[in-house]
Amino acid sequence: MWTYIYKKLVIDFPKFTLFLLLSIIIFSFYQAKNFNLDASSDALLLEGDKDLKYLREINERYGSKDFLVLTYAPVSSFTEKETILNLQLLKSKIEKLTWVDSVITVIDVPLLKSTDESLMDRLKNYKTLAYPEIDRKRGFEEILNSPIYKNYVISEDGKTSGIVVYIKEDQRLAEYIKIKDKYFNQINDIGLNKEEKKNYKKFLKEYEEYKNLYNLRNHQNINEIRDVISRYGENAKIHLGGIPMIADDMMSFIKSDIIVFGIGVFIFIIVTLWFIFKNVKWVVMPLLGCLTSVIIMMGLLGLIGWKVTVISSNFIALMLILNMAMNIHLTVRFLQLKKEYPDISKKEAVLEATNRMFLPILYTIMTTICAFLSLIFSGIKPIIDFGWMMTLGLIVSLLVTFTLLPSLLSIFSSEKELNIKDTEKSIITSFLASVAKRSNFLIFGSTFVIIIASVIGITKLKVENSFINYFDKETEIYKGMKKIDDDLGGTTPLNIILKFPSNAQEKNEEDEFSEWEEDTEKNEEKSKYWFTRDKMDKILKVHDYLESLPEIGKVLSFGSILRVAEDLNKKKLESLEIAVLYSKIPDEIKKEIVSPYISVEKDEARIAVRIKDSLEDLRRNELIKKINSDLNNKLRLKKEEYNLTGVLILFNNLLQSLFKSQILTLGIVIFGIFCMFFILFRNISLSLIGVVPNFIAAFFILGIIGLLGIPLDMMTITIAAITIGIAVDNSIHYIYRFREEFKKISSYNKTLERCHSTVGIAILNTSITIVFGFSILVLSNFIPTIYFGVFTGLAMLLAMISVLTLLPKLLLIFKPFGSDKENII
């Protein structure tokens, strides 16, 4: 029944099928206008991470604004009038940008030791380097030695300054994020009813539309500040950094990768098809199939609202590669049938080719889908999205392959194809056939060595990675992050939250600042008694411990300003003195260097730390464990008295989940593909023979990654599962054809030779296409994408060699199709 309907629709009325496909293509072009990219931090988070929820609470409590950081290294010294003037002009230009909230530079730092006034007068009437009458050398020395500003707004050598550009908060986006989190928590806790699901769907559409607008504005903002920087780059070396800039550059990388990968793979496919068929017609028809699949997929993504991230930016290249493999198999089969049976009509040849290739291609697609679907169990959002995206793409490719290509063959192929390339001559497949038949020691010896190397390499796998090393050293992202890391106290934030017992009745010690006594009565009751010496000593003890760790750059806490005050006062401050100091600090200073580190209301103190992300021997997980252990054991803090939070924790959670993800996805792929082989061939030994060569190739690549010391990341973690899913396609095609030919030849050796000269050539051609197709990914600016391309391509090459040597050798040994009737062993 299916064959009859298919014949009538596709074979007998191919023009009608082409009309339907053309209509779908036009609709897809229209929907592709909604095709969007996403480089936000949301795309790099674990779903339901409790640490993320806690971090957002902390950021809301202590205040957190988006900001950009400029590293400013002038030609002359910061004490020179010309440098101060240039910095003032740059600051003024940046402040005039409509989206900028405030700008903090080295010339805005309050100088408290540069005059001989009383402490009170210094606090009330502080001056900065920008003041004409200030002693700049004395003021600059104070900044260089300041516990607060050293390695924060000025490098230790005094040659590089940090300019912090705070961005005005987008209230609407913040509200959207709160609503989104509320929905997410409700979904996990009690679920949504029908009406709530409807509202949630409507909300997500609004949220995504606003995020697109926000990303567009962010892109314009980054271009504006880069334009300002370019005008002031003559007298100083300036680098731009910060999350908004990274997000915008990542968007540019994604766009560039999609275009470069697509065009690169497209050109390579043309060359490959010409090499295989040497006929324009046989180049154009498979290409049309690939293009149609990609256009329809982009339309579907636009219709559904899925966004492409840096992880899935190679989906077009992958679709082209995998679709081309299907087209080559189907086209080669059609040409072989026309050559073997020259008297059959082209419609009969098309129908016979689709009948013979449908099940093998269907099962190859199912195994590949199984590989990509396994990624949804990773728990990592961009990897999950990538898995679903490629699953949908493969289904689209399958449908297009068995509708468009047969229709084109029915219309444009001739009844007698005269210039068909001789598909029975291939030096490579003939050589591999000879190896499979005669070289037992070479095959099994190599396999044993590969297995041993794989085991050793896999034991050396690690996930310790550096975000800065995801980017090429010539990119602005790398340069900016490296400069901040080296000169301005590190890049990756970590917060240590200290919790104190609530006790409003704590008695203050004797007041040595009697002249301030009346003013203290104006403070809120709790803050008046909150600042005890015990609390301060605890903050300072943790602060000093964190500063002693080599992996940590800048440490900021209330202890920083306390040290400044004690230095100015020439003695240790007691409880009430600290409370009075807190009340007397000007609001503009308090807002910047006090409020972000103390929460009297919550009885907490925050110690902000930045990690030197570019350190080669940095081990994040070990560092987090060490800090937790030392706070508990060395500093004698109870576990309920402190919490660690921050981007470092989120990034480490992501990295540590990769091992779990790798084991889970590989296990699912192996089990799923074995089940599919068993369903297809109804033979356990044949199923094992089919999957083993591909598993060996995939595990060997993991072993190579481990031996080379390359850490796993969000891209390389997917290599093994995807390799198995794609490479096993060759096993299915080979075994399926072997079974078909063995029924006619009844000789394992002759069947092997026949398969190597027919389907073996198709496997060789598709594998070369896939290997070189993946090699296009080396043109990316994103290092994990380059690794993904190189190692997946190498794995596919090893899998192809394995399928054409180890697989047939196992078939010869175990004879899963029955006895060799000619007794040829």
# chains A, B, ... in the order shown; residues from 1 in each chain; ligands from 1
>>> select_by_dssp(residues="range 447-493 of chain A", states="helix (DSSP H, G or I)", output="PyMOL selection string")
chain A and resi 447-459+467-470+476-487
>>> write_last_selection(atoms="N, CA and C atoms", output="tab-separated table (two decimals), in the first residue's frame")
chain	number	residue	atom	x	y	z
A	447	THR	N	43.59	-3.15	16.56
A	447	THR	CA	42.41	-2.98	17.41
A	447	THR	C	42.79	-3.07	18.88
A	448	PHE	N	43.65	-4.02	19.23
A	448	PHE	CA	44.09	-4.19	20.62
A	448	PHE	C	44.84	-2.95	21.10
A	449	VAL	N	45.75	-2.43	20.27
A	449	VAL	CA	46.52	-1.25	20.63
A	449	VAL	C	45.59	-0.05	20.82
A	450	ILE	N	44.61	0.08	19.92
A	450	ILE	CA	43.65	1.19	20.00
A	450	ILE	C	42.84	1.11	21.29
A	451	ILE	N	42.41	-0.09	21.64
A	451	ILE	CA	41.61	-0.27	22.86
A	451	ILE	C	42.43	0.10	24.10
A	452	ILE	N	43.70	-0.36	24.16
A	452	ILE	CA	44.56	-0.03	25.30
A	452	ILE	C	44.79	1.48	25.39
A	453	ALA	N	45.11	2.10	24.23
A	453	ALA	CA	45.34	3.54	24.21
A	453	ALA	C	44.08	4.30	24.63
A	454	SER	N	42.91	3.80	24.21
A	454	SER	CA	41.64	4.44	24.56
A	454	SER	C	41.40	4.42	26.05
A	455	VAL	N	41.65	3.24	26.66
A	455	VAL	CA	41.44	3.10	28.11
A	455	VAL	C	42.36	4.04	28.87
A	456	ILE	N	43.64	4.09	28.47
A	456	ILE	CA	44.60	4.97	29.15
A	456	ILE	C	44.19	6.43	28.99
A	457	GLY	N	43.82	6.81	27.76
A	457	GLY	CA	43.45	8.20	27.49
A	457	GLY	C	42.19	8.62	28.22
A	458	ILE	N	41.18	7.73	28.26
A	458	ILE	CA	39.91	8.06	28.92
A	458	ILE	C	40.12	8.29	30.42
A	459	THR	N	41.06	7.55	31.03
A	459	THR	CA	41.33	7.77	32.45
A	459	THR	C	41.97	9.13	32.71
A	467	PHE	N	37.26	29.65	30.43
A	467	PHE	CA	36.39	30.34	29.47
A	467	PHE	C	37.20	31.19	28.51
A	468	ILE	N	38.28	31.79	29.01
A	468	ILE	CA	39.11	32.65	28.16
A	468	ILE	C	39.74	31.85	27.01
A	469	ASN	N	40.03	30.57	27.27
A	469	ASN	CA	40.66	29.73	26.25
A	469	ASN	C	39.67	29.19	25.23
A	470	TYR	N	38.40	29.58	25.34
A	470	TYR	CA	37.42	29.24	24.31
A	470	TYR	C	37.59	30.11	23.06
A	476	GLU	N	39.01	40.18	20.39
A	476	GLU	CA	38.92	41.22	21.40
A	476	GLU	C	38.52	40.63	22.76
A	477	ILE	N	37.70	39.57	22.71
A	477	ILE	CA	37.28	38.92	23.96
A	477	ILE	C	38.50	38.41	24.72
A	478	TYR	N	39.38	37.70	24.02
A	478	TYR	CA	40.57	37.14	24.66
A	478	TYR	C	41.49	38.24	25.17
A	479	LYS	N	41.75	39.23	24.33
A	479	LYS	CA	42.68	40.30	24.72
A	479	LYS	C	42.18	41.05	25.94
A	480	GLY	N	40.86	41.39	25.93
A	480	GLY	CA	40.31	42.13	27.06
A	480	GLY	C	40.33	41.33	28.35
A	481	MET	N	39.90	40.05	28.28
A	481	MET	CA	39.88	39.21	29.47
A	481	MET	C	41.28	38.94	29.99
A	482	LYS	N	42.24	38.75	29.08
A	482	LYS	CA	43.61	38.47	29.49
A	482	LYS	C	44.22	39.67	30.21
A	483	LYS	N	43.96	40.87	29.70
A	483	LYS	CA	44.48	42.09	30.32
A	483	LYS	C	43.90	42.29	31.71
A	484	ILE	N	42.59	42.08	31.83
A	484	ILE	CA	41.93	42.21	33.14
A	484	ILE	C	42.46	41.15	34.10
A	485	ASP	N	42.64	39.95	33.59
A	485	ASP	CA	43.14	38.84	34.41
A	485	ASP	C	44.54	39.12	34.94
A	486	ASP	N	45.40	39.65	34.07
A	486	ASP	CA	46.79	39.85	34.44
A	486	ASP	C	47.01	41.10	35.30
A	487	ASP	N	46.29	42.18	34.98
A	487	ASP	CA	46.61	43.48	35.59
A	487	ASP	C	45.56	44.03	36.53
>>> residues_around(residues="Ser102 in chain A", least_positions_apart="6", cutoff="9 Å", atoms="only C-alpha atoms", output="MDAnalysis selection string")
chainID A and resid 94:95 164:168
>>> write_last_selection(atoms="N, CA, C and O atoms", output="PDB file, in the first residue's frame")
ATOM      1  N   ILE A  94      31.880  58.894  27.156  1.00  0.00           N
ATOM      2  CA  ILE A  94      31.150  57.667  27.498  1.00  0.00           C
ATOM      3  C   ILE A  94      29.900  57.988  28.303  1.00  0.00           C
ATOM      4  O   ILE A  94      28.832  57.411  28.080  1.00  0.00           O
ATOM      5  N   GLU A  95      30.017  58.919  29.237  1.00  0.00           N
ATOM      6  CA  GLU A  95      28.873  59.292  30.079  1.00  0.00           C
ATOM      7  C   GLU A  95      27.721  59.871  29.264  1.00  0.00           C
ATOM      8  O   GLU A  95      26.558  59.790  29.666  1.00  0.00           O
ATOM      9  N   VAL A 164      35.271  51.304  34.582  1.00  0.00           N
ATOM     10  CA  VAL A 164      34.038  50.526  34.718  1.00  0.00           C
ATOM     11  C   VAL A 164      32.870  51.369  34.225  1.00  0.00           C
ATOM     12  O   VAL A 164      32.634  52.475  34.719  1.00  0.00           O
ATOM     13  N   VAL A 165      32.176  50.842  33.222  1.00  0.00           N
ATOM     14  CA  VAL A 165      31.029  51.547  32.632  1.00  0.00           C
ATOM     15  C   VAL A 165      29.752  50.805  33.029  1.00  0.00           C
ATOM     16  O   VAL A 165      29.460  49.720  32.501  1.00  0.00           O
ATOM     17  N   TYR A 166      29.002  51.367  33.976  1.00  0.00           N
ATOM     18  CA  TYR A 166      27.764  50.741  34.423  1.00  0.00           C
ATOM     19  C   TYR A 166      26.632  51.074  33.451  1.00  0.00           C
ATOM     20  O   TYR A 166      26.474  52.223  33.021  1.00  0.00           O
ATOM     21  N   ILE A 167      25.845  50.048  33.121  1.00  0.00           N
ATOM     22  CA  ILE A 167      24.767  50.198  32.141  1.00  0.00           C
ATOM     23  C   ILE A 167      23.439  50.375  32.864  1.00  0.00           C
ATOM     24  O   ILE A 167      23.180  49.705  33.875  1.00  0.00           O
ATOM     25  N   LYS A 168      22.623  51.267  32.356  1.00  0.00           N
ATOM     26  CA  LYS A 168      21.304  51.487  32.959  1.00  0.00           C
ATOM     27  C   LYS A 168      20.510  50.191  32.947  1.00  0.00           C
ATOM     28  O   LYS A 168      20.493  49.469  31.949  1.00  0.00           O
TER      29      LYS A 168
END
>>> residues_around(residues="Asp66 in chain A", least_positions_apart="2", cutoff="12 Å", atoms="only C-alpha atoms", output="PDB file with all heavy atoms, in the first residue's frame")
ATOM      1  N   ASN A  59      22.568  38.767  44.198  1.00  0.00           N
ATOM      2  CA  ASN A  59      22.743  39.939  43.333  1.00  0.00           C
ATOM      3  C   ASN A  59      21.671  40.994  43.590  1.00  0.00           C
ATOM      4  O   ASN A  59      21.947  42.191  43.571  1.00  0.00           O
ATOM      5  CB  ASN A  59      22.712  39.515  41.862  1.00  0.00           C
ATOM      6  CG  ASN A  59      23.977  38.807  41.439  1.00  0.00           C
ATOM      7  OD1 ASN A  59      25.010  38.923  42.105  1.00  0.00           O
ATOM      8  ND2 ASN A  59      23.921  38.070  40.344  1.00  0.00           N
ATOM      9  N   GLY A  63      22.932  44.334  45.138  1.00  0.00           N
ATOM     10  CA  GLY A  63      22.985  45.221  43.982  1.00  0.00           C
ATOM     11  C   GLY A  63      23.916  44.685  42.924  1.00  0.00           C
ATOM     12  O   GLY A  63      25.076  44.372  43.201  1.00  0.00           O
ATOM     13  N   SER A  64      23.393  44.548  41.718  1.00  0.00           N
ATOM     14  CA  SER A  64      24.224  44.047  40.631  1.00  0.00           C
ATOM     15  C   SER A  64      23.752  44.665  39.321  1.00  0.00           C
ATOM     16  O   SER A  64      22.606  44.519  38.929  1.00  0.00           O
ATOM     17  CB  SER A  64      24.131  42.514  40.543  1.00  0.00           C
ATOM     18  OG  SER A  64      24.843  42.031  39.443  1.00  0.00           O
ATOM     19  N   LEU A  68      30.476  47.209  31.562  1.00  0.00           N
ATOM     20  CA  LEU A  68      31.590  46.958  30.664  1.00  0.00           C
ATOM     21  C   LEU A  68      32.870  47.410  31.356  1.00  0.00           C
ATOM     22  O   LEU A  68      32.836  48.307  32.214  1.00  0.00           O
ATOM     23  CB  LEU A  68      31.412  47.726  29.357  1.00  0.00           C
ATOM     24  CG  LEU A  68      30.241  47.303  28.471  1.00  0.00           C
ATOM     25  CD1 LEU A  68      29.979  48.369  27.410  1.00  0.00           C
ATOM     26  CD2 LEU A  68      30.510  45.965  27.818  1.00  0.00           C
ATOM     27  N   VAL A  69      33.986  46.806  31.017  1.00  0.00           N
ATOM     28  CA  VAL A  69      35.274  47.195  31.594  1.00  0.00           C
ATOM     29  C   VAL A  69      36.218  47.556  30.454  1.00  0.00           C
ATOM     30  O   VAL A  69      36.383  46.787  29.500  1.00  0.00           O
ATOM     31  CB  VAL A  69      35.887  46.054  32.431  1.00  0.00           C
ATOM     32  CG1 VAL A  69      37.247  46.477  32.961  1.00  0.00           C
ATOM     33  CG2 VAL A  69      34.967  45.681  33.578  1.00  0.00           C
ATOM     34  N   TRP A  99      22.679  55.098  27.148  1.00  0.00           N
ATOM     35  CA  TRP A  99      22.469  53.843  27.867  1.00  0.00           C
ATOM     36  C   TRP A  99      23.413  53.684  29.068  1.00  0.00           C
ATOM     37  O   TRP A  99      23.329  52.708  29.798  1.00  0.00           O
ATOM     38  CB  TRP A  99      22.645  52.662  26.924  1.00  0.00           C
ATOM     39  CG  TRP A  99      23.886  52.731  26.083  1.00  0.00           C
ATOM     40  CD1 TRP A  99      24.030  53.352  24.877  1.00  0.00           C
ATOM     41  CD2 TRP A  99      25.177  52.188  26.394  1.00  0.00           C
ATOM     42  NE1 TRP A  99      25.319  53.230  24.402  1.00  0.00           N
ATOM     43  CE2 TRP A  99      26.031  52.514  25.314  1.00  0.00           C
ATOM     44  CE3 TRP A  99      25.674  51.465  27.473  1.00  0.00           C
ATOM     45  CZ2 TRP A  99      27.368  52.129  25.286  1.00  0.00           C
ATOM     46  CZ3 TRP A  99      27.009  51.076  27.448  1.00  0.00           C
ATOM     47  CH2 TRP A  99      27.837  51.410  26.362  1.00  0.00           C
ATOM     48  N   VAL A 100      24.324  54.638  29.264  1.00  0.00           N
ATOM     49  CA  VAL A 100      25.311  54.559  30.349  1.00  0.00           C
ATOM     50  C   VAL A 100      24.735  55.182  31.612  1.00  0.00           C
ATOM     51  O   VAL A 100      24.212  56.300  31.590  1.00  0.00           O
ATOM     52  CB  VAL A 100      26.622  55.252  29.952  1.00  0.00           C
ATOM     53  CG1 VAL A 100      27.561  55.349  31.147  1.00  0.00           C
ATOM     54  CG2 VAL A 100      27.292  54.497  28.806  1.00  0.00           C
ATOM     55  N   ASP A 101      24.845  54.444  32.723  1.00  0.00           N
ATOM     56  CA  ASP A 101      24.364  54.935  34.009  1.00  0.00           C
ATOM     57  C   ASP A 101      25.443  55.756  34.724  1.00  0.00           C
ATOM     58  O   ASP A 101      25.207  56.865  35.175  1.00  0.00           O
ATOM     59  CB  ASP A 101      23.936  53.762  34.889  1.00  0.00           C
ATOM     60  CG  ASP A 101      23.356  54.205  36.212  1.00  0.00           C
ATOM     61  OD1 ASP A 101      22.373  54.970  36.193  1.00  0.00           O
ATOM     62  OD2 ASP A 101      23.892  53.810  37.262  1.00  0.00           O
ATOM     63  N   SER A 102      26.642  55.208  34.812  1.00  0.00           N
ATOM     64  CA  SER A 102      27.753  55.912  35.453  1.00  0.00           C
ATOM     65  C   SER A 102      29.072  55.320  34.986  1.00  0.00           C
ATOM     66  O   SER A 102      29.111  54.196  34.461  1.00  0.00           O
ATOM     67  CB  SER A 102      27.650  55.836  36.981  1.00  0.00           C
ATOM     68  OG  SER A 102      27.703  54.485  37.410  1.00  0.00           O
ATOM     69  N   VAL A 164      35.271  51.304  34.582  1.00  0.00           N
ATOM     70  CA  VAL A 164      34.038  50.526  34.718  1.00  0.00           C
ATOM     71  C   VAL A 164      32.870  51.369  34.225  1.00  0.00           C
ATOM     72  O   VAL A 164      32.634  52.475  34.719  1.00  0.00           O
ATOM     73  CB  VAL A 164      33.797  50.102  36.180  1.00  0.00           C
ATOM     74  CG1 VAL A 164      32.542  49.246  36.283  1.00  0.00           C
ATOM     75  CG2 VAL A 164      35.006  49.352  36.722  1.00  0.00           C
ATOM     76  N   VAL A 165      32.176  50.842  33.222  1.00  0.00           N
ATOM     77  CA  VAL A 165      31.029  51.547  32.632  1.00  0.00           C
ATOM     78  C   VAL A 165      29.752  50.805  33.029  1.00  0.00           C
ATOM     79  O   VAL A 165      29.460  49.720  32.501  1.00  0.00           O
ATOM     80  CB  VAL A 165      31.151  51.614  31.095  1.00  0.00           C
ATOM     81  CG1 VAL A 165      29.959  52.370  30.492  1.00  0.00           C
ATOM     82  CG2 VAL A 165      32.465  52.260  30.694  1.00  0.00           C
ATOM     83  N   TYR A 166      29.002  51.367  33.976  1.00  0.00           N
ATOM     84  CA  TYR A 166      27.764  50.741  34.423  1.00  0.00           C
ATOM     85  C   TYR A 166      26.632  51.074  33.451  1.00  0.00           C
ATOM     86  O   TYR A 166      26.474  52.223  33.021  1.00  0.00           O
ATOM     87  CB  TYR A 166      27.402  51.208  35.832  1.00  0.00           C
ATOM     88  CG  TYR A 166      28.284  50.618  36.901  1.00  0.00           C
ATOM     89  CD1 TYR A 166      29.281  51.384  37.508  1.00  0.00           C
ATOM     90  CD2 TYR A 166      28.132  49.300  37.288  1.00  0.00           C
ATOM     91  CE1 TYR A 166      30.101  50.844  38.481  1.00  0.00           C
ATOM     92  CE2 TYR A 166      28.952  48.746  38.272  1.00  0.00           C
ATOM     93  CZ  TYR A 166      29.931  49.520  38.855  1.00  0.00           C
ATOM     94  OH  TYR A 166      30.748  48.968  39.810  1.00  0.00           O
ATOM     95  N   ILE A 167      25.845  50.048  33.121  1.00  0.00           N
ATOM     96  CA  ILE A 167      24.767  50.198  32.141  1.00  0.00           C
ATOM     97  C   ILE A 167      23.439  50.375  32.864  1.00  0.00           C
ATOM     98  O   ILE A 167      23.180  49.705  33.875  1.00  0.00           O
ATOM     99  CB  ILE A 167      24.718  48.962  31.219  1.00  0.00           C
ATOM    100  CG1 ILE A 167      26.051  48.822  30.469  1.00  0.00           C
ATOM    101  CG2 ILE A 167      23.559  49.040  30.229  1.00  0.00           C
ATOM    102  CD1 ILE A 167      26.208  47.524  29.717  1.00  0.00           C
ATOM    103  N   LYS A 168      22.623  51.267  32.356  1.00  0.00           N
ATOM    104  CA  LYS A 168      21.304  51.487  32.959  1.00  0.00           C
ATOM    105  C   LYS A 168      20.510  50.191  32.947  1.00  0.00           C
ATOM    106  O   LYS A 168      20.493  49.469  31.949  1.00  0.00           O
ATOM    107  CB  LYS A 168      20.543  52.559  32.182  1.00  0.00           C
ATOM    108  CG  LYS A 168      21.097  53.960  32.364  1.00  0.00           C
ATOM    109  CD  LYS A 168      20.314  54.977  31.538  1.00  0.00           C
ATOM    110  CE  LYS A 168      20.896  56.382  31.721  1.00  0.00           C
ATOM    111  NZ  LYS A 168      20.206  57.380  30.869  1.00  0.00           N
ATOM    112  N   GLU A 169      19.878  49.900  34.073  1.00  0.00           N
ATOM    113  CA  GLU A 169      19.121  48.661  34.185  1.00  0.00           C
ATOM    114  C   GLU A 169      17.879  48.703  33.305  1.00  0.00           C
ATOM    115  O   GLU A 169      17.178  49.711  33.250  1.00  0.00           O
ATOM    116  CB  GLU A 169      18.704  48.408  35.633  1.00  0.00           C
ATOM    117  CG  GLU A 169      18.016  47.061  35.833  1.00  0.00           C
ATOM    118  CD  GLU A 169      17.618  46.817  37.270  1.00  0.00           C
ATOM    119  OE1 GLU A 169      17.732  47.756  38.086  1.00  0.00           O
ATOM    120  OE2 GLU A 169      17.195  45.703  37.578  1.00  0.00           O
ATOM    121  N   ASP A 170      17.654  47.611  32.606  1.00  0.00           N
ATOM    122  CA  ASP A 170      16.437  47.479  31.804  1.00  0.00           C
ATOM    123  C   ASP A 170      15.364  46.864  32.706  1.00  0.00           C
ATOM    124  O   ASP A 170      15.343  45.654  32.931  1.00  0.00           O
ATOM    125  CB  ASP A 170      16.706  46.589  30.583  1.00  0.00           C
ATOM    126  CG  ASP A 170      15.572  46.611  29.580  1.00  0.00           C
ATOM    127  OD1 ASP A 170      14.410  46.466  30.010  1.00  0.00           O
ATOM    128  OD2 ASP A 170      15.841  46.757  28.372  1.00  0.00           O
ATOM    129  N   ALA A 174      14.282  42.875  33.420  1.00  0.00           N
ATOM    130  CA  ALA A 174      14.404  42.328  34.778  1.00  0.00           C
ATOM    131  C   ALA A 174      13.081  41.731  35.246  1.00  0.00           C
ATOM    132  O   ALA A 174      13.051  40.666  35.874  1.00  0.00           O
ATOM    133  CB  ALA A 174      14.860  43.424  35.741  1.00  0.00           C
ATOM    134  N   ASN A 218      21.832  46.145  22.534  1.00  0.00           N
ATOM    135  CA  ASN A 218      23.164  45.869  23.073  1.00  0.00           C
ATOM    136  C   ASN A 218      24.220  45.937  21.977  1.00  0.00           C
ATOM    137  O   ASN A 218      25.320  46.463  22.184  1.00  0.00           O
ATOM    138  CB  ASN A 218      23.180  44.489  23.739  1.00  0.00           C
ATOM    139  CG  ASN A 218      24.508  44.182  24.411  1.00  0.00           C
ATOM    140  OD1 ASN A 218      24.964  44.907  25.274  1.00  0.00           O
ATOM    141  ND2 ASN A 218      25.150  43.101  23.979  1.00  0.00           N
ATOM    142  N   GLY A 241      36.084  44.917  27.571  1.00  0.00           N
ATOM    143  CA  GLY A 241      35.681  43.626  28.130  1.00  0.00           C
ATOM    144  C   GLY A 241      34.336  43.751  28.819  1.00  0.00           C
ATOM    145  O   GLY A 241      33.727  44.818  28.850  1.00  0.00           O
ATOM    146  N   GLY A 242      33.860  42.633  29.363  1.00  0.00           N
ATOM    147  CA  GLY A 242      32.573  42.644  30.049  1.00  0.00           C
ATOM    148  C   GLY A 242      31.575  41.716  29.373  1.00  0.00           C
ATOM    149  O   GLY A 242      31.662  41.463  28.171  1.00  0.00           O
ATOM    150  N   ILE A 243      30.622  41.226  30.159  1.00  0.00           N
ATOM    151  CA  ILE A 243      29.658  40.247  29.662  1.00  0.00           C
ATOM    152  C   ILE A 243      28.831  40.770  28.490  1.00  0.00           C
ATOM    153  O   ILE A 243      28.636  40.048  27.506  1.00  0.00           O
ATOM    154  CB  ILE A 243      28.753  39.759  30.812  1.00  0.00           C
ATOM    155  CG1 ILE A 243      29.591  38.924  31.788  1.00  0.00           C
ATOM    156  CG2 ILE A 243      27.578  38.943  30.289  1.00  0.00           C
ATOM    157  CD1 ILE A 243      28.841  38.465  33.019  1.00  0.00           C
ATOM    158  N   PRO A 244      28.312  42.027  28.519  1.00  0.00           N
ATOM    159  CA  PRO A 244      27.547  42.504  27.361  1.00  0.00           C
ATOM    160  C   PRO A 244      28.358  42.491  26.068  1.00  0.00           C
ATOM    161  O   PRO A 244      27.838  42.163  25.001  1.00  0.00           O
ATOM    162  CB  PRO A 244      27.163  43.935  27.762  1.00  0.00           C
ATOM    163  CG  PRO A 244      27.149  43.921  29.253  1.00  0.00           C
ATOM    164  CD  PRO A 244      28.273  43.005  29.618  1.00  0.00           C
ATOM    165  N   MET A 245      29.640  42.844  26.174  1.00  0.00           N
ATOM    166  CA  MET A 245      30.508  42.830  24.992  1.00  0.00           C
ATOM    167  C   MET A 245      30.752  41.401  24.512  1.00  0.00           C
ATOM    168  O   MET A 245      30.721  41.111  23.315  1.00  0.00           O
ATOM    169  CB  MET A 245      31.823  43.529  25.332  1.00  0.00           C
ATOM    170  CG  MET A 245      32.918  43.375  24.296  1.00  0.00           C
ATOM    171  SD  MET A 245      33.986  41.950  24.704  1.00  0.00           S
ATOM    172  CE  MET A 245      35.382  42.296  23.674  1.00  0.00           C
ATOM    173  N   ALA A 247      28.786  38.816  24.980  1.00  0.00           N
ATOM    174  CA  ALA A 247      27.530  38.319  24.394  1.00  0.00           C
ATOM    175  C   ALA A 247      27.368  38.829  22.966  1.00  0.00           C
ATOM    176  O   ALA A 247      26.964  38.078  22.069  1.00  0.00           O
ATOM    177  CB  ALA A 247      26.343  38.745  25.251  1.00  0.00           C
TER     178      ALA A 247
END
>>> closest_residue(among="A:Glu740, A:Glu641, A:Glu616, A:Asp713", to="Phe817 in chain A", atoms="only C-alpha atoms")
A:Glu740
>>> select_by_dssp(residues="range 187-361 of chain A", states="strand (DSSP E)", output="JSON, numbers by chain")
{"A": [236, 237, 238, 239, 240, 241, 307, 308]}
>>> residues_around(residues="Gly793 in chain A", least_positions_apart="2", cutoff="8 Å", atoms="only C-alpha atoms", output="list in words")
Ile770, Val771, Phe772, Gly773, Phe774, Ser775, Gly789, Val790, Phe791, Ala795, Met796 and Leu797 of chain A
>>> closest_residue(among="A:Ile673, A:Val350, A:Val463, A:Ile593", to="Asn653 in chain A", atoms="only C-alpha atoms")
A:Val463
>>> residues_around(residues="Ala762 in chain A", least_positions_apart="2", cutoff="8 Å", atoms="only C-alpha atoms", output="list in words")
Ile328, His329, Val332, Thr758, Val759, Gly760, Leu764, Asn765 and Thr766 of chain A
>>> write_last_selection(atoms="N, CA and C atoms", output="short mmCIF file (atom, residue, chain, number, x, y, z; two decimals), in the first residue's frame")
data_model
loop_
_atom_site.label_atom_id
_atom_site.label_comp_id
_atom_site.auth_asym_id
_atom_site.auth_seq_id
_atom_site.Cartn_x
_atom_site.Cartn_y
_atom_site.Cartn_z
N ILE A 328 23.97 10.70 -1.66
CA ILE A 328 24.99 9.92 -2.39
C ILE A 328 24.62 8.45 -2.42
N HIS A 329 24.20 7.91 -1.27
CA HIS A 329 23.81 6.49 -1.23
C HIS A 329 22.66 6.21 -2.19
N VAL A 332 23.91 6.75 -5.99
CA VAL A 332 24.80 5.67 -6.41
C VAL A 332 24.01 4.38 -6.64
N THR A 758 30.93 -1.84 -4.30
CA THR A 758 29.65 -1.15 -4.52
C THR A 758 29.35 -0.22 -3.34
N VAL A 759 28.76 -0.80 -2.29
CA VAL A 759 28.40 0.04 -1.14
C VAL A 759 29.65 0.57 -0.44
N GLY A 760 30.77 -0.17 -0.57
CA GLY A 760 32.02 0.29 0.03
C GLY A 760 32.47 1.62 -0.55
N LEU A 764 32.92 5.06 1.35
CA LEU A 764 34.16 5.83 1.24
C LEU A 764 33.86 7.28 0.85
N ASN A 765 33.01 7.44 -0.17
CA ASN A 765 32.69 8.79 -0.65
C ASN A 765 31.97 9.62 0.42
N THR A 766 30.97 9.02 1.07
CA THR A 766 30.23 9.77 2.09
C THR A 766 31.11 10.07 3.29
#
